[in-house]
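**Q** File follows, entry16.tsv with TSV, C-alpha atoms and all ligand atoms:
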chain	number	residue	atom	x	y	z
I	1	MET	CA	11.60	27.74	-31.50
I	2	ASN	CA	15.07	27.65	-29.93
I	3	ASN	CA	17.14	24.52	-29.28
I	4	GLU	CA	16.39	24.55	-25.55
I	5	GLU	CA	12.65	24.47	-26.17
I	6	GLN	CA	13.05	21.68	-28.74
I	7	HIS	CA	15.21	19.68	-26.31
I	8	THR	CA	12.66	20.17	-23.47
I	9	ARG	CA	9.80	19.14	-25.78
I	10	ARG	CA	11.56	15.90	-26.74
I	11	GLN	CA	12.50	14.99	-23.17
I	12	LEU	CA	8.98	15.70	-21.89
I	13	ALA	CA	7.34	13.74	-24.72
I	14	ALA	CA	9.69	10.84	-23.88
I	15	ALA	CA	8.69	11.07	-20.20
I	16	TYR	CA	4.98	10.93	-21.18
I	17	ARG	CA	5.68	7.76	-23.20
I	18	LEU	CA	7.35	6.32	-20.10
I	19	LEU	CA	4.31	7.15	-17.93
I	20	TYR	CA	2.27	5.25	-20.53
I	21	HIS	CA	4.77	2.39	-20.73
I	22	PHE	CA	4.82	1.81	-16.96
I	23	GLY	CA	1.02	2.18	-16.66
I	24	TRP	CA	1.23	5.34	-14.51
I	25	ASP	CA	-0.86	7.44	-16.92
I	26	ASP	CA	-4.33	6.86	-15.33
I	27	LEU	CA	-5.64	6.92	-18.91
I	28	ILE	CA	-5.36	10.73	-19.28
I	29	TYR	CA	-5.50	11.98	-15.68
I	30	SER	CA	-1.86	11.92	-14.59
I	31	HIS	CA	0.03	15.06	-15.54
I	32	MET	CA	3.56	16.23	-15.99
I	33	SER	CA	5.22	19.48	-17.03
I	34	ALA	CA	8.64	21.00	-17.64
I	35	LYS	CA	9.88	24.57	-17.70
I	36	ILE	CA	11.56	25.83	-20.86
I	37	PRO	CA	15.00	26.92	-19.57
I	38	ASN	CA	15.54	30.66	-19.03
I	39	THR	CA	11.90	31.51	-19.80
I	40	GLU	CA	8.63	32.05	-17.92
I	41	TYR	CA	6.96	29.21	-19.82
I	42	TYR	CA	6.34	25.55	-19.18
I	43	LEU	CA	5.13	22.69	-21.37
I	44	THR	CA	2.44	20.11	-20.60
I	45	ASN	CA	0.13	17.67	-22.40
I	46	ARG	CA	-2.99	18.47	-24.38
I	47	PHE	CA	-5.83	17.09	-22.23
I	48	GLY	CA	-7.57	14.17	-23.95
I	49	LEU	CA	-4.62	12.68	-25.80
I	50	SER	CA	-3.49	9.22	-24.77
I	51	PHE	CA	0.04	9.49	-23.37
I	52	ASN	CA	1.02	7.12	-26.18
I	53	GLU	CA	0.07	9.86	-28.68
I	54	ILE	CA	2.10	12.63	-27.07
I	55	THR	CA	4.89	14.01	-29.23
I	56	ALA	CA	7.33	16.90	-28.95
I	57	SER	CA	5.18	19.06	-31.24
I	58	ASN	CA	1.74	18.50	-29.66
I	59	LEU	CA	2.76	19.63	-26.16
I	60	ILE	CA	1.14	22.86	-25.00
I	61	LYS	CA	3.02	25.95	-23.89
I	62	ILE	CA	1.76	27.87	-20.86
I	63	ASN	CA	2.99	31.00	-19.14
I	64	ILE	CA	3.74	30.25	-15.45
I	65	ASN	CA	1.12	32.90	-14.61
I	66	GLY	CA	-1.51	30.77	-16.36
I	67	GLU	CA	-1.88	32.09	-19.91
I	68	ILE	CA	-2.10	29.30	-22.53
I	69	ILE	CA	-0.33	30.01	-25.83
I	70	GLY	CA	-2.84	29.28	-28.60
I	71	GLU	CA	-6.23	27.55	-28.43
I	72	ASP	CA	-5.88	24.40	-26.42
I	73	THR	CA	-7.36	22.29	-23.66
I	74	ILE	CA	-5.43	21.26	-20.62
I	75	ASN	CA	-6.37	19.34	-17.49
I	76	PRO	CA	-8.12	21.93	-15.27
I	77	ALA	CA	-6.73	20.26	-12.14
I	78	SER	CA	-3.17	20.63	-13.40
I	79	PHE	CA	-3.46	24.12	-14.84
I	80	ILE	CA	-3.09	26.22	-11.68
I	81	LEU	CA	-1.06	23.65	-9.77
I	82	HIS	CA	2.01	23.55	-12.02
I	83	GLY	CA	2.19	27.34	-12.39
I	84	SER	CA	1.87	27.79	-8.62
I	85	ILE	CA	4.76	25.41	-7.93
I	86	TYR	CA	7.01	27.02	-10.57
I	87	ARG	CA	6.30	30.48	-9.20
I	88	SER	CA	7.16	29.45	-5.65
I	89	ARG	CA	10.17	27.15	-6.34
I	90	SER	CA	12.82	28.56	-8.67
I	91	ASP	CA	14.83	25.32	-8.23
I	92	VAL	CA	12.02	23.24	-9.82
I	93	ASP	CA	12.10	22.64	-13.58
I	94	SER	CA	9.79	19.63	-13.82
I	95	ILE	CA	6.71	18.28	-11.97
I	96	ILE	CA	4.93	14.89	-12.17
I	97	HIS	CA	1.65	13.88	-10.55
I	98	THR	CA	0.22	10.33	-10.73
I	99	HIS	CA	-2.76	8.34	-9.44
I	100	THR	CA	-1.38	4.80	-9.40
I	101	LYS	CA	-3.19	2.18	-7.31
I	102	GLU	CA	-0.13	1.57	-5.14
I	103	GLY	CA	0.47	5.30	-4.67
I	104	ILE	CA	-3.13	5.90	-3.61
I	105	ALA	CA	-3.07	2.88	-1.26
I	106	VAL	CA	0.01	4.25	0.51
I	107	SER	CA	-1.44	7.78	0.50
I	108	ALA	CA	-4.44	6.41	2.42
I	109	ASP	CA	-2.27	4.62	5.00
I	110	LYS	CA	-2.36	6.45	8.36
I	111	ASP	CA	1.40	5.92	8.71
I	112	GLY	CA	2.14	7.06	5.16
I	113	LEU	CA	5.30	5.62	3.60
I	114	TRP	CA	6.79	3.01	5.94
I	115	PRO	CA	10.59	2.85	6.40
I	116	ILE	CA	10.80	-0.74	5.20
I	117	SER	CA	12.99	-0.73	2.10
I	118	GLN	CA	16.30	0.74	1.01
I	119	ARG	CA	14.34	2.69	-1.59
I	120	ALA	CA	12.06	4.22	1.06
I	121	THR	CA	15.07	5.34	3.16
I	122	GLY	CA	16.14	7.67	0.34
I	123	ILE	CA	12.70	9.29	0.25
I	124	ILE	CA	11.43	9.62	3.82
I	125	LYS	CA	13.52	12.69	4.85
I	126	ASN	CA	12.62	14.45	1.59
I	127	LEU	CA	8.86	13.72	1.70
I	128	GLY	CA	5.87	15.88	2.60
I	129	TYR	CA	2.17	15.06	3.01
I	130	HIS	CA	-0.87	17.00	1.82
I	131	GLU	CA	-4.34	16.30	3.29
I	132	TYR	CA	-7.24	15.53	0.93
I	133	ARG	CA	-9.92	18.20	0.44
I	134	GLY	CA	-11.32	17.21	-2.96
I	135	ILE	CA	-10.14	17.63	-6.56
I	136	GLU	CA	-7.29	20.15	-6.64
I	137	ILE	CA	-8.90	23.02	-8.50
I	138	LYS	CA	-8.99	25.73	-5.81
I	139	GLU	CA	-6.19	28.28	-5.77
I	140	ASN	CA	-6.05	28.39	-1.92
I	141	GLU	CA	-5.53	24.61	-1.81
I	142	HIS	CA	-2.58	24.94	-4.16
I	143	GLN	CA	-1.05	27.41	-1.70
I	144	LEU	CA	-1.48	24.81	1.04
I	145	LEU	CA	0.06	22.15	-1.20
I	146	ILE	CA	3.10	24.37	-1.81
I	147	LYS	CA	3.43	24.89	1.94
I	148	ASN	CA	3.32	21.11	2.51
I	149	LEU	CA	5.87	20.47	-0.24
I	150	GLU	CA	8.24	23.02	1.40
I	151	GLN	CA	11.70	22.58	-0.17
I	152	LYS	CA	11.19	18.84	-0.63
I	153	ASN	CA	11.10	16.74	-3.83
I	154	TYR	CA	8.45	14.19	-2.86
I	155	LEU	CA	4.83	14.77	-1.83
I	156	ILE	CA	2.13	12.23	-0.97
I	157	LEU	CA	-1.34	13.64	-1.60
I	158	ARG	CA	-3.50	11.85	0.98
I	159	ASN	CA	-6.25	9.63	-0.51
I	160	HIS	CA	-5.25	10.89	-3.96
I	161	GLY	CA	-1.78	10.12	-5.33
I	162	LEU	CA	1.88	11.06	-5.67
I	163	LEU	CA	3.79	14.15	-6.76
I	164	THR	CA	7.50	14.71	-7.39
I	165	VAL	CA	9.47	17.74	-8.48
I	166	GLY	CA	13.02	17.93	-9.84
I	167	ASN	CA	15.60	20.25	-11.36
I	168	SER	CA	15.23	18.38	-14.68
I	169	ILE	CA	12.71	16.10	-16.39
I	170	GLY	CA	14.99	13.13	-15.75
I	171	GLN	CA	15.32	13.92	-12.05
I	172	ALA	CA	11.55	14.40	-11.53
I	173	PHE	CA	10.90	11.14	-13.39
I	174	LEU	CA	13.49	9.14	-11.45
I	175	TYR	CA	12.13	10.53	-8.17
I	176	MET	CA	8.65	9.39	-9.24
I	177	ARG	CA	10.04	5.97	-10.11
I	178	ASN	CA	11.61	5.75	-6.63
I	179	LEU	CA	8.38	6.71	-4.88
I	180	GLN	CA	6.22	4.46	-7.05
I	181	LEU	CA	8.50	1.44	-6.42
I	182	ALA	CA	8.61	2.16	-2.66
I	183	CYS	CA	4.78	2.18	-2.66
I	184	GLU	CA	4.63	-1.07	-4.68
I	185	ILE	CA	6.92	-2.72	-2.11
I	186	GLN	CA	4.82	-1.45	0.78
I	187	VAL	CA	1.52	-2.80	-0.54
I	188	LEU	CA	3.12	-6.27	-0.76
I	189	CYS	CA	3.95	-6.16	2.96
I	190	ASP	CA	2.02	-6.86	6.15
I	191	ARG	CA	2.82	-4.11	8.65
I	192	ASN	CA	2.65	-6.57	11.59
I	193	ARG	CA	5.30	-8.81	10.07
I	194	THR	CA	7.58	-6.14	8.60
I	195	ILE	CA	10.94	-4.98	9.95
I	196	LEU	CA	11.10	-1.18	10.22
I	197	ILE	CA	14.40	0.56	9.43
I	198	THR	CA	15.49	2.85	12.29
I	199	ASP	CA	15.92	6.60	11.94
I	200	GLU	CA	19.63	6.18	12.69
I	201	ILE	CA	20.07	3.81	9.74
I	202	ILE	CA	18.05	6.12	7.48
I	203	GLU	CA	20.45	9.00	8.30
I	204	GLU	CA	23.46	6.71	7.81
I	205	ASN	CA	22.08	5.54	4.49
I	206	LEU	CA	21.58	9.12	3.25
I	207	GLN	CA	25.27	9.74	3.90
I	208	ARG	CA	26.28	6.50	2.17
I	209	SER	CA	24.01	7.32	-0.75
I	210	LYS	CA	25.84	10.67	-1.23
I	211	GLU	CA	29.19	8.84	-1.26
I	212	PHE	CA	27.86	6.20	-3.66
I	213	HIS	CA	26.39	8.73	-6.09
I	214	THR	CA	29.50	10.88	-6.32
I	215	SER	CA	31.16	8.04	-8.19
I	216	LEU	CA	28.16	7.28	-10.35
I	217	ASN	CA	26.66	9.34	-13.15
I	218	LEU	CA	23.23	10.37	-11.82
I	219	GLN	CA	22.05	10.78	-15.42
I	220	THR	CA	22.73	7.14	-16.30
I	221	PRO	CA	19.33	5.64	-15.42
I	222	TRP	CA	17.55	8.47	-17.27
I	223	LEU	CA	19.70	7.88	-20.37
I	224	VAL	CA	18.80	4.18	-20.19
I	225	LEU	CA	15.10	5.10	-20.11
I	226	LEU	CA	15.49	7.51	-23.05
I	227	LYS	CA	17.14	4.78	-25.10
I	228	MET	CA	14.20	2.51	-24.27
I	229	VAL	CA	11.71	5.16	-25.50
I	230	GLU	CA	13.79	5.64	-28.65
I	231	ARG	CA	13.57	1.91	-29.34
I	232	LEU	CA	9.90	1.34	-28.42
I	233	TYR	CA	8.20	4.66	-29.34
I	234	PRO	CA	10.45	6.36	-31.92
I	235	ASN	CA	7.69	8.75	-33.09
I	236	TYR	CA	7.73	10.63	-29.73
I	237	LYS	CA	10.18	13.13	-31.27
I	238	LYS	CA	7.77	14.31	-34.00
I	301	ZN	ZN	-4.64	14.19	-9.12
Here is a file; write its structure as structure tokens.
Ligand SMILES: [Zn+2]

**A**
Amino acid sequence: MNNEEQHTRRQLAAAYRLLYHFGWDDLIYSHMSAKIPNTEYYLTNRFGLSFNEITASNLIKININGEIIGEDTINPASFILHGSIYRSRSDVDSIIHTHTKEGIAVSADKDGLWPISQRATGIIKNLGYHEYRGIEIKENEHQLLIKNLEQKNYLILRNHGLLTVGNSIGQAFLYMRNLQLACEIQVLCDRNRTILITDEIIEENLQRSKEFHTSLNLQTPWLVLLKMVERLYPNYKK
């Protein structure tokens, strides 16, 4: 195993511990994956393990065309989905899908994610929607999902949950954190008594956000989270 694979395994195991820590694991039904750099393989969890048991060494390796390396069980709903996204988006190196209560509540809202918080303004222009047709196990539905994701990083799966993609495990995770928190804010609000942020301000804020982030290390929040995993769940590296 090369250093890049070992590094990816550790980062992904840490991200699984964070899904567990924040209660976004849906027991065993959320799923996350990461591509091993410069290869045609990605890593994901062994289906049936609590996310608190996931370590660098018990992650499963899968060819992006769907061939599992070794004898292992993975979530059938995640199996085709992750490979399909990696094959269609060369810029994507990590994918997360969750079923949190707040995410599902917002996914079922006719208006989707409301422009009511600073956090939501950073998401809305980079967000797609995918209509519900049942559990995602049909290949043709994955093609539709890819079409709805387009070149975006955020996807709300109607009546189902949330999905984010990123160019690294840290980026995909931080995008999921953004979307999850925006949904948590929304479910605390009454639409009839909520101030909506205008499209003009959303555009302005995207510009300001770019200026703000040039002077800030985008990796910083991910490094903070990794330190937290190191402190709370040190055996994730095994
Ligand atoms: Zn799902």

**Q** Distance limit 10 Å, reference ligand ZN 301 (chain I), atoms considered: all atoms listed in the file. Which residues make the cut? Give them as a count of residues only.

**A** 21

**Q** What is the distance between CA of Leu43 (chain I) and CA of Phe79 (chain I), in Å to one decimal?

**A** 10.9 Å

**Q** Mind listing whatever residues come within 12 Å of the point (20.1, 30.3, -19.7)? Use all atoms listed in the file, file coordinates, and give them as a PyMOL selection string.

**A** chain I and resi 2-5+35-40

**Q** Would you list the contacts of region 19-21 of chain I as a VMD selection string, taking every protein, DNA or RNA residue within 12 Å and counting all atoms listed in the file, but skipping same-chain residues closer than 3 positions in sequence?

**A** chain I and resid 12 to 16 24 to 32 49 to 54 96 to 100 173 to 174 176 to 177 180 225 228 to 229 232 to 233 236

**Q** For Val92 (chain I), find every residue with an atom within 8 Å (counting all atoms listed in the file), except residues of its own chain fewer than 6 positions away, and show them as a list in words.

**A**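 Close residues of Val92 (chain I): Ile85, Tyr86, Val165, Gly166, Asn167 and Ser168 of chain I.
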
**Q** Counting all atoms listed in the file, which of I:Ile68, I:Ile74, I:Ala34, I:Cys183 gets nearest to Phe47 (chain I)?

**A**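 Ranked by minimum distance to Phe47 (chain I), first place goes to I:Ile74.
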
**Q** Please provide the set of residues having any atom within 10 Å of Ile116 (chain I), restricted to only C-alpha atoms, with same-chain residues fewer than 4 positions apart removed, written as a list of chain:residue names.

**A** I:Ala120, I:Thr121, I:Ala182, I:Ile185, I:Gln186, I:Cys189, I:Arg191, I:Thr194, I:Ile195, I:Leu196, I:Ile197, I:Thr198

**Q** If I take CA of Ser117 (chain I) and CA of Glu211 (chain I), how far is one from the other in Å, to one decimal?

**A**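 If I compute the distance from CA of Ser117 (chain I) to CA of Glu211 (chain I), I get 19.1 Å.
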
**Q** Between CA of Lys61 (chain I) and CA of Leu127 (chain I), what is the distance in Å, rounded to a tenth?

**A**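 Atom-to-atom, CA of Lys61 (chain I) to CA of Leu127 (chain I), that is 29.0 Å.
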
**Q** Need the shell around Gly128 (chain I): protein/DNA/RNA residues with any atom at most 9 Å away, counting only C-alpha atoms. Skip same-chain ones fewer than 5 positions apart. Format as a ChimeraX atom specification?

**A** /I:148-150,152-157

**Q** Would you mind listing what lies within 10 Å of Ser84 (chain I) as a compact mmCIF listing (two decimals) with C-alpha atoms, keeping the file's coordinate frame, with all atoms listed in the file counted and same-chain residues fewer than 5 positions away left out?

**A**
# COMPACT_ATOMS: atom_id res chain seq x y z
CA ILE I 64 3.74 30.25 -15.45
CA ASN I 65 1.12 32.90 -14.61
CA GLY I 66 -1.51 30.77 -16.36
CA SER I 78 -3.17 20.63 -13.40
CA PHE I 79 -3.46 24.12 -14.84
CA ARG I 89 10.17 27.15 -6.34
CA GLU I 139 -6.19 28.28 -5.77
CA HIS I 142 -2.58 24.94 -4.16
CA GLN I 143 -1.05 27.41 -1.70
CA LEU I 145 0.06 22.15 -1.20
CA ILE I 146 3.10 24.37 -1.81

**Q** Out of I:Asp93, I:Glu67, I:Glu102, I:Asp72, which residue has the shortest atom-to-atom distance to Val187 (chain I) when counting all atoms listed in the file?

**A**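 Distance minimum relative to Val187 (chain I) lands on I:Glu102.
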
**Q** Of the candidates I:Lys138, I:Lys210, I:Lys237, I:His82, which one gets nearest to Ile95 (chain I) if we count all atoms listed in the file?

**A** I:His82

**Q** Since fewer atoms than expected are present, regenerate N, CA, C and O atoms for region 19-35 of chain I and write them as a PDB file, in the coordinates of the input.

**A**
ATOM      1  N   LEU I  19       5.477   7.253 -18.826  1.00  0.00           N
ATOM      2  CA  LEU I  19       4.310   7.150 -17.930  1.00  0.00           C
ATOM      3  C   LEU I  19       3.316   6.145 -18.513  1.00  0.00           C
ATOM      4  O   LEU I  19       2.732   5.324 -17.798  1.00  0.00           O
ATOM      5  N   TYR I  20       3.152   6.198 -19.830  1.00  0.00           N
ATOM      6  CA  TYR I  20       2.270   5.250 -20.530  1.00  0.00           C
ATOM      7  C   TYR I  20       2.836   3.832 -20.410  1.00  0.00           C
ATOM      8  O   TYR I  20       2.120   2.886 -20.058  1.00  0.00           O
ATOM      9  N   HIS I  21       4.128   3.709 -20.701  1.00  0.00           N
ATOM     10  CA  HIS I  21       4.770   2.390 -20.730  1.00  0.00           C
ATOM     11  C   HIS I  21       4.655   1.673 -19.379  1.00  0.00           C
ATOM     12  O   HIS I  21       4.389   0.477 -19.321  1.00  0.00           O
ATOM     13  N   PHE I  22       4.856   2.429 -18.298  1.00  0.00           N
ATOM     14  CA  PHE I  22       4.820   1.810 -16.960  1.00  0.00           C
ATOM     15  C   PHE I  22       3.400   1.721 -16.394  1.00  0.00           C
ATOM     16  O   PHE I  22       3.215   1.218 -15.292  1.00  0.00           O
ATOM     17  N   GLY I  23       2.411   2.248 -17.124  1.00  0.00           N
ATOM     18  CA  GLY I  23       1.020   2.180 -16.660  1.00  0.00           C
ATOM     19  C   GLY I  23       0.728   3.181 -15.561  1.00  0.00           C
ATOM     20  O   GLY I  23      -0.155   2.971 -14.721  1.00  0.00           O
ATOM     21  N   TRP I  24       1.451   4.311 -15.547  1.00  0.00           N
ATOM     22  CA  TRP I  24       1.230   5.340 -14.510  1.00  0.00           C
ATOM     23  C   TRP I  24       0.424   6.507 -15.073  1.00  0.00           C
ATOM     24  O   TRP I  24       0.397   7.590 -14.499  1.00  0.00           O
ATOM     25  N   ASP I  25      -0.205   6.317 -16.227  1.00  0.00           N
ATOM     26  CA  ASP I  25      -0.860   7.440 -16.920  1.00  0.00           C
ATOM     27  C   ASP I  25      -2.275   7.715 -16.422  1.00  0.00           C
ATOM     28  O   ASP I  25      -2.792   8.806 -16.641  1.00  0.00           O
ATOM     29  N   ASP I  26      -2.930   6.712 -15.748  1.00  0.00           N
ATOM     30  CA  ASP I  26      -4.330   6.860 -15.330  1.00  0.00           C
ATOM     31  C   ASP I  26      -5.168   7.313 -16.530  1.00  0.00           C
ATOM     32  O   ASP I  26      -5.922   8.288 -16.423  1.00  0.00           O
ATOM     33  N   LEU I  27      -4.993   6.629 -17.620  1.00  0.00           N
ATOM     34  CA  LEU I  27      -5.640   6.920 -18.910  1.00  0.00           C
ATOM     35  C   LEU I  27      -5.230   8.295 -19.454  1.00  0.00           C
ATOM     36  O   LEU I  27      -4.443   8.379 -20.385  1.00  0.00           O
ATOM     37  N   ILE I  28      -5.756   9.372 -18.853  1.00  0.00           N
ATOM     38  CA  ILE I  28      -5.360  10.730 -19.280  1.00  0.00           C
ATOM     39  C   ILE I  28      -5.202  11.655 -18.074  1.00  0.00           C
ATOM     40  O   ILE I  28      -4.950  12.846 -18.226  1.00  0.00           O
ATOM     41  N   TYR I  29      -5.358  11.096 -16.850  1.00  0.00           N
ATOM     42  CA  TYR I  29      -5.500  11.980 -15.680  1.00  0.00           C
ATOM     43  C   TYR I  29      -4.213  12.249 -14.900  1.00  0.00           C
ATOM     44  O   TYR I  29      -4.207  13.108 -14.017  1.00  0.00           O
ATOM     45  N   SER I  30      -3.137  11.509 -15.178  1.00  0.00           N
ATOM     46  CA  SER I  30      -1.860  11.920 -14.590  1.00  0.00           C
ATOM     47  C   SER I  30      -1.421  13.169 -15.331  1.00  0.00           C
ATOM     48  O   SER I  30      -1.904  13.429 -16.433  1.00  0.00           O
ATOM     49  N   HIS I  31      -0.508  13.943 -14.766  1.00  0.00           N
ATOM     50  CA  HIS I  31       0.030  15.060 -15.540  1.00  0.00           C
ATOM     51  C   HIS I  31       1.457  15.375 -15.159  1.00  0.00           C
ATOM     52  O   HIS I  31       1.896  15.106 -14.043  1.00  0.00           O
ATOM     53  N   MET I  32       2.134  15.925 -16.141  1.00  0.00           N
ATOM     54  CA  MET I  32       3.560  16.230 -15.990  1.00  0.00           C
ATOM     55  C   MET I  32       3.844  17.515 -16.748  1.00  0.00           C
ATOM     56  O   MET I  32       3.150  17.841 -17.716  1.00  0.00           O
ATOM     57  N   SER I  33       4.856  18.252 -16.309  1.00  0.00           N
ATOM     58  CA  SER I  33       5.220  19.480 -17.030  1.00  0.00           C
ATOM     59  C   SER I  33       6.716  19.717 -16.899  1.00  0.00           C
ATOM     60  O   SER I  33       7.390  19.102 -16.062  1.00  0.00           O
ATOM     61  N   ALA I  34       7.227  20.615 -17.723  1.00  0.00           N
ATOM     62  CA  ALA I  34       8.640  21.000 -17.640  1.00  0.00           C
ATOM     63  C   ALA I  34       8.785  22.445 -18.063  1.00  0.00           C
ATOM     64  O   ALA I  34       8.144  22.880 -19.032  1.00  0.00           O
ATOM     65  N   LYS I  35       9.625  23.173 -17.343  1.00  0.00           N
ATOM     66  CA  LYS I  35       9.880  24.570 -17.700  1.00  0.00           C
ATOM     67  C   LYS I  35      10.824  24.633 -18.894  1.00  0.00           C
ATOM     68  O   LYS I  35      11.753  23.818 -19.003  1.00  0.00           O
TER      69      LYS I  35
END
